[in-house]
Structure formats: C-alpha cells, structure tokens
Amino acid sequence: MNVRVGVIGAGVMGADHIRNLHAAVSGAEVIAVADVDADRAYRIAAEVGAEGFTDPYALISSPSVDAVVIASHDSTHADLVLACLEAGTPVLCEKPLALTVDECRRVVHAHDAATSEIELPLLTVGFMRRFDPGYVELKRTVTSRAIGEPLIVHCSSRTVTSGPGGDSEASITGSAIHELDIVPWLLDSPVLEVSWQTTRASTRIGHRRDPQFMLLRTEDGVLTTVELFLNAGYGYDIRCEVIGEDGASRLVEPVRTVTDHALAHSYSYSKDWVPRFADAYRLQLQEWVDAIAGGRPSTLASAEDGLRASVVAQALITSMHEGGRTVTIDSSA
C-alpha cells in the first residue's frame with residue numbers, strides 16, 4: 001500500500017518534491033497539496049491528482065494523509081512541524097528546521113516527547129546532500145582513510161543570484177546551512193569553533209554581504225573553509241575537497257555534455273540546485289518513503305542534526321556581528 005503524502009508549499013522546492021513523489025519515487029502517492037497561493041496549490045494538485053488546500057493545518061489533520069513534506073517558507077517550519085508531531089504524523093521538513101536555535105530546541109523537545117513511547121522518529125530534516133552520489137563517495141573515501149587522516153576541507157557554494165529579500169544572516173541560515181551539516185557528516189566530527197569574514201560586497205547586490213567566508217574547526221582538529229557567493233553570476237557551482245595526510249579527494253561537478261568549439265573546451269553549469277541535486281532529492285525521498293512503509297528509522301538527517309546545524313549557524317552570525325571573532329560552540333548544545 002502506498003504512503004499517502006501531503007506536501008506543504010508548492011513553490012519551486014515544493015513543486016519539485018511533488019513531481020518527484022508522483023513520478024520518480026515508488027511506494028508514494030501525493031494525496032494533498034497546500035499553499036497560501038490558492039491558484040498554485042490547486043494547479044499542481046490537479047497535475048498529480050491530489051486535493052488542494054490553502055490551509056496547511058487542514059492538510060495535516062486530514063485523515064487521508066499518512067506523512068507530510070514541509071517545503072513552505074522557512075518562517076513556517078517550526079509551527080508546522082509541531083502540528084505534525086501533535087498529530088503523530090511522520091514529517092520531512094526542508095532545511096532549516098527553524099529560524100532560531102530556541103525554536104529548533106522547542107521542536108526537538110516536542111519530538112522527544114512525541115516519540116517517548118515509540119521506537120521510530122517522526123521528524124527528519126531535508127539535508128539532501130547526504131544522498132548526493134558525489135558526497136556519498138567522498139564520505140566513503142574519507143571514512144576509509146584512503147587519503148590518510150583528513151587535515152583540511154575546502155567548500156564553496158556559488159549561485160547565479162540570491163533570491164528576493166533576505167539579508168546577510170539569511171545567507172547563512174538558508175544557504176551555508178548545507179555546509180554546516182555536510183562537513184561534520186563527512187568527518188563524523190562536530191563543529192566546535194567558527195569565525196566569519198567577508199571581502200568587499202559584490203556590486204551585484206546591496207542588501208547582504210556577499211561573498212562570505214567562514215572557518216569551521218571540528219572536534220577532530222580538521223579546519224574547514226567555506227566560501228559562500230550567492231551572486232557569482234556564472235552558474236550554480238558546488239565544490240568540496242578533503243585534503244588528507246596521503247592525498248586529496250574532491251567532488252567533480254556533474255555535467256551532461258562537453259563542447260569543443262572555436263579553440264575552446266567548455267561545459268555548462270546548472271542555473272540552480274534543481275538539476276544539480278536531482279538525484280539527491282529523489283534518493284532522499286525514496287529512503288524516507290521506504291522507511292515509513294517499512295516501519296524502520298530512516299538514514300535522513302535527524303531533528304538533532306537540524307538543531308546542531310542551527311547552533312553552528314547562530315555562532316557564525318554572532319561572529320559576523322562581533323568583528324569576525326572566533327566563537328566556541330558547546331559540543332553538548
């Protein structure tokens with residue numbers, strides 16, 4: 001029997017989840033779609049044969065819905081997750097889990113209470129890079145120590161342009177949050193120390209500092225650099241390299257074609273995250289659905305993982321507002 005899924009949020013991210021669940025994930029059926037934009041909700045719901053809602057809480061309380069994906073605005077995540085937990089409904093929440101550390105802690109405490117008498121977690125967080133084939137292979141290389149003990153990690157995240165609204169803090173909580181999850185996942189070591197720096201602001205945009213540069217030191221002593229450049233202009237470009245005592249391993253940007261023309265050798269970049277991480281999103285959703293159907297814990301990021309990433313993000317924001325000073329993180333946070 002299929003897992004009947006309701007998706008909250010029918011924007012670019014939500015629509016991608018809906019279409020993946022409908023066409024590319026086995027064992028799933030999109031039964032309901034909710035969005036504050038009625039036209040958008042009903043249009044995509046009709047596309048997949050689902051019921052449209054404008055009230056997300058009505059979707060959560062619907063007896064037809066077995067599980068929920070939250071892909072609405074970041075500011076709605078905490079309250080919607082809490083409603084799912086109260087209903088006892090498995091929920092996959094897009095990152096970030098909540099806008100603030102206090103909200104994240106409130107959600108984690110509610111999850112602990114909701115699952116105190118059952119063995120299975122209800123809440124997972126959409127850090128989909130854990131399912132990207134490149135990152136999975138990179139983690140395998142690091143864990144096996146094929147390149148020796150890791151010493152340095154270099155990450156960069158460059159996009160064509162930042163989305164509307166948002167500020168310098170949102171660059172961290174909405175974008176760099178991926179690196180704040182994937183680095184400790186790669187190294188199996190929590191982040192204990194951070195600092196934030198920036199260069200002169202890009203002339204492409206004026207309402208946030210861009211690019212940003214961050215340093216992370218994990219418990220194992222490895223130093224990570226994170227470059228975040230949301231208005232790089234040329235394409236969507238995600239890089240990660242781990243340097244060990246005996247070698248180095250890095251992601252290779254996936255491409256469809258390479259062109260040789262006019263004395264030049266070239267390939268194209270994705271314009272956004274959708275094609276770049278298509279496999280990761282599909283594999284993450286499949287694992288989520290399989291775990292629900294099989295009555296087992298999934299391998300997705302946990303509520304605690306979402307909290308830890310938010311704690312690191314808040315430490316970087318503190319460094320941002322305090323002249324780039326190094327901020328130490330309590331490993332028990």
# chains A, B, ... in the order shown; residues from 1 in each chain; ligands from 1
$ select_by_dssp --residues "stretch 141-310 of chain A" --states "alpha helix (DSSP H)" --output "ChimeraX atom specification"
/A:141-144,168-171,177-187,273-276,278-294,303-310
$ residues_around --residues "stretch 153-164 of chain A" --least-positions-apart "3" --cutoff "9 Å" --atoms "only C-alpha atoms" --output "PyMOL selection string"
chain A and resi 150+171+175-176+179+183+204-205+211+222-244+271-273
$ closest_residue --among "A:Val91, A:Val101, A:Ile8, A:Ile172" --to "A:Arg40" --atoms "only C-alpha atoms"
A:Ile8
$ closest_residue --among "A:Val107, A:Leu187, A:Ala280, A:Ala170" --to "A:Thr141" --atoms "only C-alpha atoms"
A:Leu187
$ residues_around --residues "A:Ala24" --least-positions-apart "3" --cutoff "10 Å" --atoms "only C-alpha atoms" --output "list of chain:residue names"
A:His17, A:Ile18, A:Arg19, A:Asn20, A:Leu21, A:Gly27, A:Ala28, A:Arg282, A:Leu283, A:Leu285, A:Gln286
$ write_last_selection --atoms "N, CA, C and O atoms" --output "PDB file, in the first residue's frame"
ATOM      1  N   HIS A  17       9.447  18.471  -5.143  1.00  0.00           N
ATOM      2  CA  HIS A  17       9.121  17.330  -4.287  1.00  0.00           C
ATOM      3  C   HIS A  17       7.850  16.623  -4.776  1.00  0.00           C
ATOM      4  O   HIS A  17       7.790  15.387  -4.821  1.00  0.00           O
ATOM      5  N   ILE A  18       6.842  17.413  -5.117  1.00  0.00           N
ATOM      6  CA  ILE A  18       5.567  16.836  -5.553  1.00  0.00           C
ATOM      7  C   ILE A  18       5.763  15.995  -6.805  1.00  0.00           C
ATOM      8  O   ILE A  18       5.277  14.861  -6.900  1.00  0.00           O
ATOM      9  N   ARG A  19       6.480  16.530  -7.762  1.00  0.00           N
ATOM     10  CA  ARG A  19       6.680  15.794  -9.025  1.00  0.00           C
ATOM     11  C   ARG A  19       7.561  14.576  -8.824  1.00  0.00           C
ATOM     12  O   ARG A  19       7.345  13.530  -9.451  1.00  0.00           O
ATOM     13  N   ASN A  20       8.558  14.686  -7.956  1.00  0.00           N
ATOM     14  CA  ASN A  20       9.391  13.520  -7.653  1.00  0.00           C
ATOM     15  C   ASN A  20       8.572  12.413  -6.999  1.00  0.00           C
ATOM     16  O   ASN A  20       8.647  11.245  -7.386  1.00  0.00           O
ATOM     17  N   LEU A  21       7.783  12.773  -5.997  1.00  0.00           N
ATOM     18  CA  LEU A  21       6.970  11.788  -5.300  1.00  0.00           C
ATOM     19  C   LEU A  21       5.955  11.148  -6.238  1.00  0.00           C
ATOM     20  O   LEU A  21       5.658   9.955  -6.136  1.00  0.00           O
ATOM     21  N   GLY A  27       6.178   3.619  -4.225  1.00  0.00           N
ATOM     22  CA  GLY A  27       5.530   3.427  -2.936  1.00  0.00           C
ATOM     23  C   GLY A  27       4.935   4.680  -2.347  1.00  0.00           C
ATOM     24  O   GLY A  27       4.513   4.678  -1.185  1.00  0.00           O
ATOM     25  N   ALA A  28       4.903   5.779  -3.120  1.00  0.00           N
ATOM     26  CA  ALA A  28       4.375   7.043  -2.621  1.00  0.00           C
ATOM     27  C   ALA A  28       3.223   7.517  -3.498  1.00  0.00           C
ATOM     28  O   ALA A  28       3.205   7.284  -4.709  1.00  0.00           O
ATOM     29  N   ARG A 282      15.705  12.880  -5.104  1.00  0.00           N
ATOM     30  CA  ARG A 282      14.942  11.670  -5.392  1.00  0.00           C
ATOM     31  C   ARG A 282      15.335  10.542  -4.428  1.00  0.00           C
ATOM     32  O   ARG A 282      14.463   9.858  -3.875  1.00  0.00           O
ATOM     33  N   LEU A 283      16.637  10.349  -4.223  1.00  0.00           N
ATOM     34  CA  LEU A 283      17.104   9.284  -3.339  1.00  0.00           C
ATOM     35  C   LEU A 283      16.694   9.539  -1.890  1.00  0.00           C
ATOM     36  O   LEU A 283      16.353   8.598  -1.154  1.00  0.00           O
ATOM     37  N   LEU A 285      13.977  11.231  -0.872  1.00  0.00           N
ATOM     38  CA  LEU A 285      12.548  10.966  -0.758  1.00  0.00           C
ATOM     39  C   LEU A 285      12.255   9.464  -0.783  1.00  0.00           C
ATOM     40  O   LEU A 285      11.391   8.979  -0.048  1.00  0.00           O
ATOM     41  N   GLN A 286      12.982   8.727  -1.634  1.00  0.00           N
ATOM     42  CA  GLN A 286      12.761   7.287  -1.695  1.00  0.00           C
ATOM     43  C   GLN A 286      13.100   6.621  -0.369  1.00  0.00           C
ATOM     44  O   GLN A 286      12.358   5.754   0.113  1.00  0.00           O
TER      45      GLN A 286
END
$ atom_distance --atom1 "atom CA of A:Asp37" --atom2 "atom CA of A:Pro63"
22.9 Å
$ closest_residue --among "A:Leu151, A:Leu316, A:Ala71, A:Leu120" --to "A:Leu216" --atoms "only C-alpha atoms"
A:Leu316
$ atom_distance --atom1 "atom CA of A:Ala38" --atom2 "atom CA of A:Val81"
21.5 Å
$ atom_distance --atom1 "atom CA of A:Ser64" --atom2 "atom CA of A:Ile31"
7.3 Å
$ residues_around --residues "A:Asp39" --least-positions-apart "6" --cutoff "10 Å" --atoms "only C-alpha atoms" --output "JSON list (two decimals) with all heavy atoms, in the first residue's frame"
[["chain", "number", "residue", "atom", "x", "y", "z"],
["A", 45, "ALA", "N", -1.87, 20.52, -7.59],
["A", 45, "ALA", "CA", -2.63, 19.39, -7.07],
["A", 45, "ALA", "C", -3.37, 18.68, -8.20],
["A", 45, "ALA", "O", -3.38, 17.44, -8.27],
["A", 45, "ALA", "CB", -3.63, 19.88, -6.01],
["A", 52, "GLY", "N", -6.33, 19.95, -3.26],
["A", 52, "GLY", "CA", -5.66, 21.21, -2.96],
["A", 52, "GLY", "C", -6.17, 21.85, -1.68],
["A", 52, "GLY", "O", -7.37, 21.78, -1.37],
["A", 54, "THR", "N", -5.55, 25.47, 0.98],
["A", 54, "THR", "CA", -4.87, 26.74, 1.27],
["A", 54, "THR", "C", -4.48, 26.81, 2.75],
["A", 54, "THR", "O", -3.68, 27.65, 3.13],
["A", 54, "THR", "CB", -5.76, 27.94, 0.91],
["A", 54, "THR", "OG1", -7.01, 27.82, 1.58],
["A", 54, "THR", "CG2", -5.97, 28.02, -0.60]]
$ residues_around --residues "A:Pro297" --least-positions-apart "4" --cutoff "12 Å" --atoms "only C-alpha atoms" --output "PyMOL selection string"
chain A and resi 90+118-124+287-293+301-302
